[in-house]
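**Student:** Could you have a look at this structure, given as structure tokens, before my questions?
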Amino acid sequence: MLPRFLTSSLAMERHYFLVPKFALSLIGFYPEQERTLGLRLWSFFNFLILAYGCYAEAYYGIHYISIDIATALDALCPVASSILSLLKMVCIWYYRDELKSLIHRVRTLTEAQHSERKLAYKKRFFTLATRLTTVLLCAGFCTSTSYSVRHLLDNVLRRAHGKDWIYETPFKMIFPDPLLRLPLYPLTYILVHWHGYITVVCFVGADGFFLGFCLYLTVLLLSLRDDVNDLLEVSNIEESPNEENEARIVRDMERLVDRHNEVAELTERLSGVMVEITLGHFVTSSLIIGTSVVDMLLFSGVGIIVYLVYTCAVGTEIYLYCLGGTHIMEACSDLARSTFASHWYGHSVGVQKMALLMVARAQRVLTIKIPFFSPSLETLTSILRFTGSLIALATSVIR
């Protein structure tokens with residue numbers, strides 16, 4: 001049995017950005033939160049923790065490159081995710097007003113879809129968005145927790161063999177010596193552990209926004225497709241069209257074209273908000289996965305499990321981006337095909353022109369425009385091929 005929040009029995013309005021809202025609210029960065037003084041201070045504190053963690057990890061990794069490459073990679077692999085998470089945090093804060101506007105407008109449009117078929121679309125895609133972002137949250141949580149578990153297990157084994165406890169943090173970072181000694185060490189450890197969770201919730205929030213918007217816009221496109229087909233339906237193709245009825249259909253088609261224009265505008269606005277996040281994510285993902293695989297070759301025992309979980313989490317993120325982009329493109333193509341396959345030819349010339357206008361606009365497939373590419377399952381294939389090349393190169397160097 002799945003928890004109720006992962007099923008379609010939960011009210012659709014509660015499914016709306018359920019997991020991103022939960023994740024970003026933990027650190028005070030959800031766009032619809034009331035910006036009280038306490039919330040501002042809490043969000044700034046989390047920003048400082050994440051920013052210093054990026055610096056400390058990068059410094060540690062660069063320092064150890066000439067000393068121990070395995071230790072250096074153990075620090076540099078998670079720092080790539082930390083820096084990307086910091087970028088996502090900054091972008092969510094910078095675009096908070098635009099995100100709030102998009103959240104409100106898409107919510108209003110989806111709530112206006114009431115027919116039985118449209119409710120089925122909403123149940124399917126709203127529940128899918130919640131389930132997939134929950135998978136991402138669990139994968140990120142397990143990844144961050146595994147670093148702390150690995151460190152604790154290593155030290156427990158050291159103590160069992162009569163060796164001293166190593167006062168290090170779960171993620172390899174540079175700290176002033178007093179912070180790595182008692183009595184301050186437990187506080188440092190907790191803050192570094194929280195740094196890992198901040199990284200996770202930033203990823204879940206930003207990636208959940210992308211996937212959620214893509215799936216909710218897909219619902220709008222499928223609903224638009226049904227409305228066009230219902231409007232152009234002709235009971236008897238041999239009957240001459242009624243002029244008054246045809247004039248009404250032309251007006252309704254104009255409204256449907258306007259709805260399609262608004263969905264296109266929302267997609268364009270989403271591209272503007274997510275461009276830095278998505279581009280940074282795809283640029284670093286291959287490097288992170290490749291480095292993780294190299295770390296699995298260099299480490300043994302718990303270290304292999306840690307980086308296996310890490311690789312699965314990053315792969316899940318890439319898949320969600322590509323899945324969301326693919327759903328929008330397929331919904332646009334389906335709108336064009338279904339409109340052309342409807343009974344548009346049984347109507348007056350005015351209606352035919354409006355129908356062909358809808359077909360022409362729908363054929364210009366809506367995409368989340370990112371420099372150099374658009375997220376889709378085809379893009380995922382290219383990334384996996386590039387990652388395989390990096391792994392093969394790294395393996396040959398190690399041998």
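Just remember, in the structure tokens the first chain shown is A, the second B, etc., residues are 1-based per chain, and ligands are 1-based in the order shown.
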Identify, on the basis of only C-alpha atoms, every residue whose closest approach to Met253 (chain A) does not exceed 12 Å; exclude the query and any residue fewer than 3 positions from it along the same chain; express the result as a PyMOL selection string.

**Tutor:** chain A and resi 224-225+227-232+246-250+256-260+339+344+350-359

**Student:** Applying 9 Å and only C-alpha atoms, which residues near region 323-329 of chain A remain after dropping the ones on its own chain fewer than 4 positions away? List them as a VMD selection string.

**Tutor:** chain A and resid 210 to 215 217 to 218 221 318 to 319 333 to 334 365 to 368 374 to 378

**Student:** Find the residues near Phe209 (chain A): any atom within 10 Å, counting only C-alpha atoms, skip ones fewer than 5 places away on the same chain, and give them as a list in words.

**Tutor:**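 Near neighbours after the sequence-gap exclusion: Phe17, Val19, Pro20, Lys21, Ile92, Leu99, Ile103, Ala129, Thr133, Phe203, Val204, Cys214, Leu215, Leu270 and Met274 of chain A.
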
**Student:** With N, CA and C atoms retained, could you export that selection as a PDB file, in the first residue's frame?

**Tutor:**
```pdb
ATOM      1  N   PHE A  17       2.403  20.697  -6.749  1.00  0.00           N
ATOM      2  CA  PHE A  17       3.744  21.002  -6.233  1.00  0.00           C
ATOM      3  C   PHE A  17       3.908  20.568  -4.770  1.00  0.00           C
ATOM      4  N   VAL A  19       5.619  18.036  -3.225  1.00  0.00           N
ATOM      5  CA  VAL A  19       6.969  17.739  -2.729  1.00  0.00           C
ATOM      6  C   VAL A  19       7.902  18.949  -2.825  1.00  0.00           C
ATOM      7  N   PRO A  20       7.941  19.700  -3.950  1.00  0.00           N
ATOM      8  CA  PRO A  20       8.770  20.913  -3.968  1.00  0.00           C
ATOM      9  C   PRO A  20       8.397  21.908  -2.876  1.00  0.00           C
ATOM     10  N   LYS A  21       7.105  22.050  -2.616  1.00  0.00           N
ATOM     11  CA  LYS A  21       6.674  22.961  -1.549  1.00  0.00           C
ATOM     12  C   LYS A  21       7.193  22.492  -0.200  1.00  0.00           C
ATOM     13  N   ILE A  92      16.212  30.282  -7.554  1.00  0.00           N
ATOM     14  CA  ILE A  92      14.868  30.248  -6.974  1.00  0.00           C
ATOM     15  C   ILE A  92      14.584  31.541  -6.217  1.00  0.00           C
ATOM     16  N   LEU A  99       8.287  32.928 -10.373  1.00  0.00           N
ATOM     17  CA  LEU A  99       7.831  31.581 -10.039  1.00  0.00           C
ATOM     18  C   LEU A  99       6.475  31.620  -9.341  1.00  0.00           C
ATOM     19  N   ILE A 103       3.214  29.773 -10.734  1.00  0.00           N
ATOM     20  CA  ILE A 103       2.493  28.806  -9.902  1.00  0.00           C
ATOM     21  C   ILE A 103       1.018  29.175  -9.818  1.00  0.00           C
ATOM     22  N   ALA A 129       3.615  13.450 -11.010  1.00  0.00           N
ATOM     23  CA  ALA A 129       4.577  14.458 -10.559  1.00  0.00           C
ATOM     24  C   ALA A 129       4.933  14.254  -9.094  1.00  0.00           C
ATOM     25  N   THR A 133       8.806  13.081  -7.931  1.00  0.00           N
ATOM     26  CA  THR A 133       9.587  13.971  -7.065  1.00  0.00           C
ATOM     27  C   THR A 133       9.823  13.338  -5.697  1.00  0.00           C
ATOM     28  N   PHE A 203      17.826  20.653  -4.776  1.00  0.00           N
ATOM     29  CA  PHE A 203      17.660  19.855  -5.989  1.00  0.00           C
ATOM     30  C   PHE A 203      16.201  19.444  -6.158  1.00  0.00           C
ATOM     31  N   VAL A 204      15.594  18.955  -5.104  1.00  0.00           N
ATOM     32  CA  VAL A 204      14.210  18.492  -5.187  1.00  0.00           C
ATOM     33  C   VAL A 204      13.285  19.656  -5.537  1.00  0.00           C
ATOM     34  N   CYS A 214       6.082  21.093 -16.336  1.00  0.00           N
ATOM     35  CA  CYS A 214       5.966  20.358 -17.611  1.00  0.00           C
ATOM     36  C   CYS A 214       4.730  19.469 -17.624  1.00  0.00           C
ATOM     37  N   LEU A 215       4.481  18.750 -16.544  1.00  0.00           N
ATOM     38  CA  LEU A 215       3.336  17.841 -16.505  1.00  0.00           C
ATOM     39  C   LEU A 215       2.025  18.608 -16.408  1.00  0.00           C
ATOM     40  N   LEU A 270       8.609  29.866 -18.421  1.00  0.00           N
ATOM     41  CA  LEU A 270       9.272  28.800 -17.666  1.00  0.00           C
ATOM     42  C   LEU A 270      10.702  28.608 -18.165  1.00  0.00           C
ATOM     43  N   MET A 274      14.060  28.800 -15.789  1.00  0.00           N
ATOM     44  CA  MET A 274      14.816  27.577 -15.541  1.00  0.00           C
ATOM     45  C   MET A 274      16.093  27.457 -16.362  1.00  0.00           C
TER      46      MET A 274
END
```

**Student:** Taking into account only C-alpha atoms, which residue in the set A:Ile370, A:Ala75, A:Val314, A:Val200 is nearest to Leu26 (chain A)?

**Tutor:** A:Val200

**Student:** Hey, which of A:Trp42, A:Tyr60, A:Arg364, A:Cys138 ends up closest to Cys312 (chain A)? Count only C-alpha atoms.

**Tutor:**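 Among the listed residues, the smallest separation from Cys312 (chain A) belongs to A:Cys138.
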
**Student:** Do a neighbour search on region 170-183 of chain A at 8 Å with only C-alpha atoms, toss out local chain neighbours closer than 2 positions, and write the hits as a list in words.

**Tutor:**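 In the requested form, the answer reads Gly53, Ala56, Glu57, Ala58, Tyr59, Tyr60, Gly61, Asp74, Ala75, Pro78, Tyr147, Ser148, Arg150, His151, Tyr167, Glu168, Tyr185, Pro186, Thr188, Tyr189, Val192 and His193 of chain A.
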
**Student:** May I have all residues of region 74-309 of chain A that DSSP, computed from the backbone, assigns to helix (DSSP H, G or I), given as a PyMOL selection string?

**Tutor:** chain A and resi 74-94+96-111+116-160+177-180+185-232+243-298+302-309

**Student:** My list of candidates is A:Val79, A:Val201, A:Leu380, A:Leu220. Which is closest to Gln113 (chain A) when distances are computed with only C-alpha atoms?

**Tutor:**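 Comparing A:Val79, A:Val201, A:Leu380, A:Leu220 against Gln113 (chain A), the winner is A:Leu220.
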
**Student:** Just want the 10 Å neighbourhood of Lys100 (chain A), counted on only C-alpha atoms, with same-chain residues fewer than 6 positions away dropped. Output as a list in words.

**Tutor:** Tyr30, Pro31, Glu32 and Gln33 of chain A

**Student:** Show which residues sit within 8 Å of Leu84 (chain A), as an MDAnalysis selection string. Count only C-alpha atoms, and ignore same-chain residues fewer than 6 positions away.

**Tutor:** chainID A and resid 277 280:281 284

**Student:** Would you output that residue set with C-alpha atoms, as a PDB file, in the first residue's frame?

**Tutor:**
```
ATOM      1  CA  ILE A 277      19.323  25.758 -13.519  1.00  0.00           C
ATOM      2  CA  GLY A 280      24.058  23.962 -15.193  1.00  0.00           C
ATOM      3  CA  HIS A 281      22.449  20.652 -14.356  1.00  0.00           C
ATOM      4  CA  THR A 284      27.635  18.922 -14.635  1.00  0.00           C
TER       5      THR A 284
END
```

**Student:** Counting only C-alpha atoms, which residue out of A:Lys88, A:Arg269, A:Arg96, A:His195 sits closest to Gly208 (chain A)?

**Tutor:**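 Closest to Gly208 (chain A), using only C-alpha atoms: A:Lys88.
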
**Student:** Tell me, in Å to one decimal, how far CA of Leu335 (chain A) is from CA of Ala112 (chain A).

**Tutor:** 19.0 Å

**Student:** Any idea what's packed within 7 Å of Ser85 (chain A), counting only C-alpha atoms, ignoring anything in its chain fewer than 3 positions away? Could you give it as a ChimeraX atom specification?

**Tutor:** /A:81-82,88-89,199,202-203

**Student:** Could the residues in this selection be saved with N, CA and C atoms as a short mmCIF file (atom, residue, chain, number, x, y, z; two decimals), in the first residue's frame?

**Tutor:**
```cif
data_model
loop_
_atom_site.label_atom_id
_atom_site.label_comp_id
_atom_site.auth_asym_id
_atom_site.auth_seq_id
_atom_site.Cartn_x
_atom_site.Cartn_y
_atom_site.Cartn_z
N SER A 81 27.82 18.79 -6.95
CA SER A 81 26.39 18.86 -6.62
C SER A 81 26.10 20.03 -5.70
N SER A 82 27.00 20.30 -4.76
CA SER A 82 26.79 21.41 -3.82
C SER A 82 26.78 22.75 -4.55
N LYS A 88 20.98 26.66 -7.87
CA LYS A 88 19.53 26.50 -7.86
C LYS A 88 18.90 27.34 -6.77
N MET A 89 19.53 27.39 -5.61
CA MET A 89 19.00 28.20 -4.51
C MET A 89 18.96 29.67 -4.89
N THR A 199 21.49 20.69 0.28
CA THR A 199 21.78 20.37 -1.12
C THR A 199 20.65 19.55 -1.74
N CYS A 202 17.28 21.62 -2.23
CA CYS A 202 17.40 22.56 -3.36
C CYS A 202 17.23 21.82 -4.69
N PHE A 203 17.83 20.65 -4.78
CA PHE A 203 17.66 19.86 -5.99
C PHE A 203 16.20 19.44 -6.16
#
```

**Student:** Tell me which of A:Lys123, A:His343, A:Ile190, A:Thr267 sits closest to Ser8 (chain A), counting only C-alpha atoms.

**Tutor:**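 Result for the nearest residue to Ser8 (chain A): A:Lys123.
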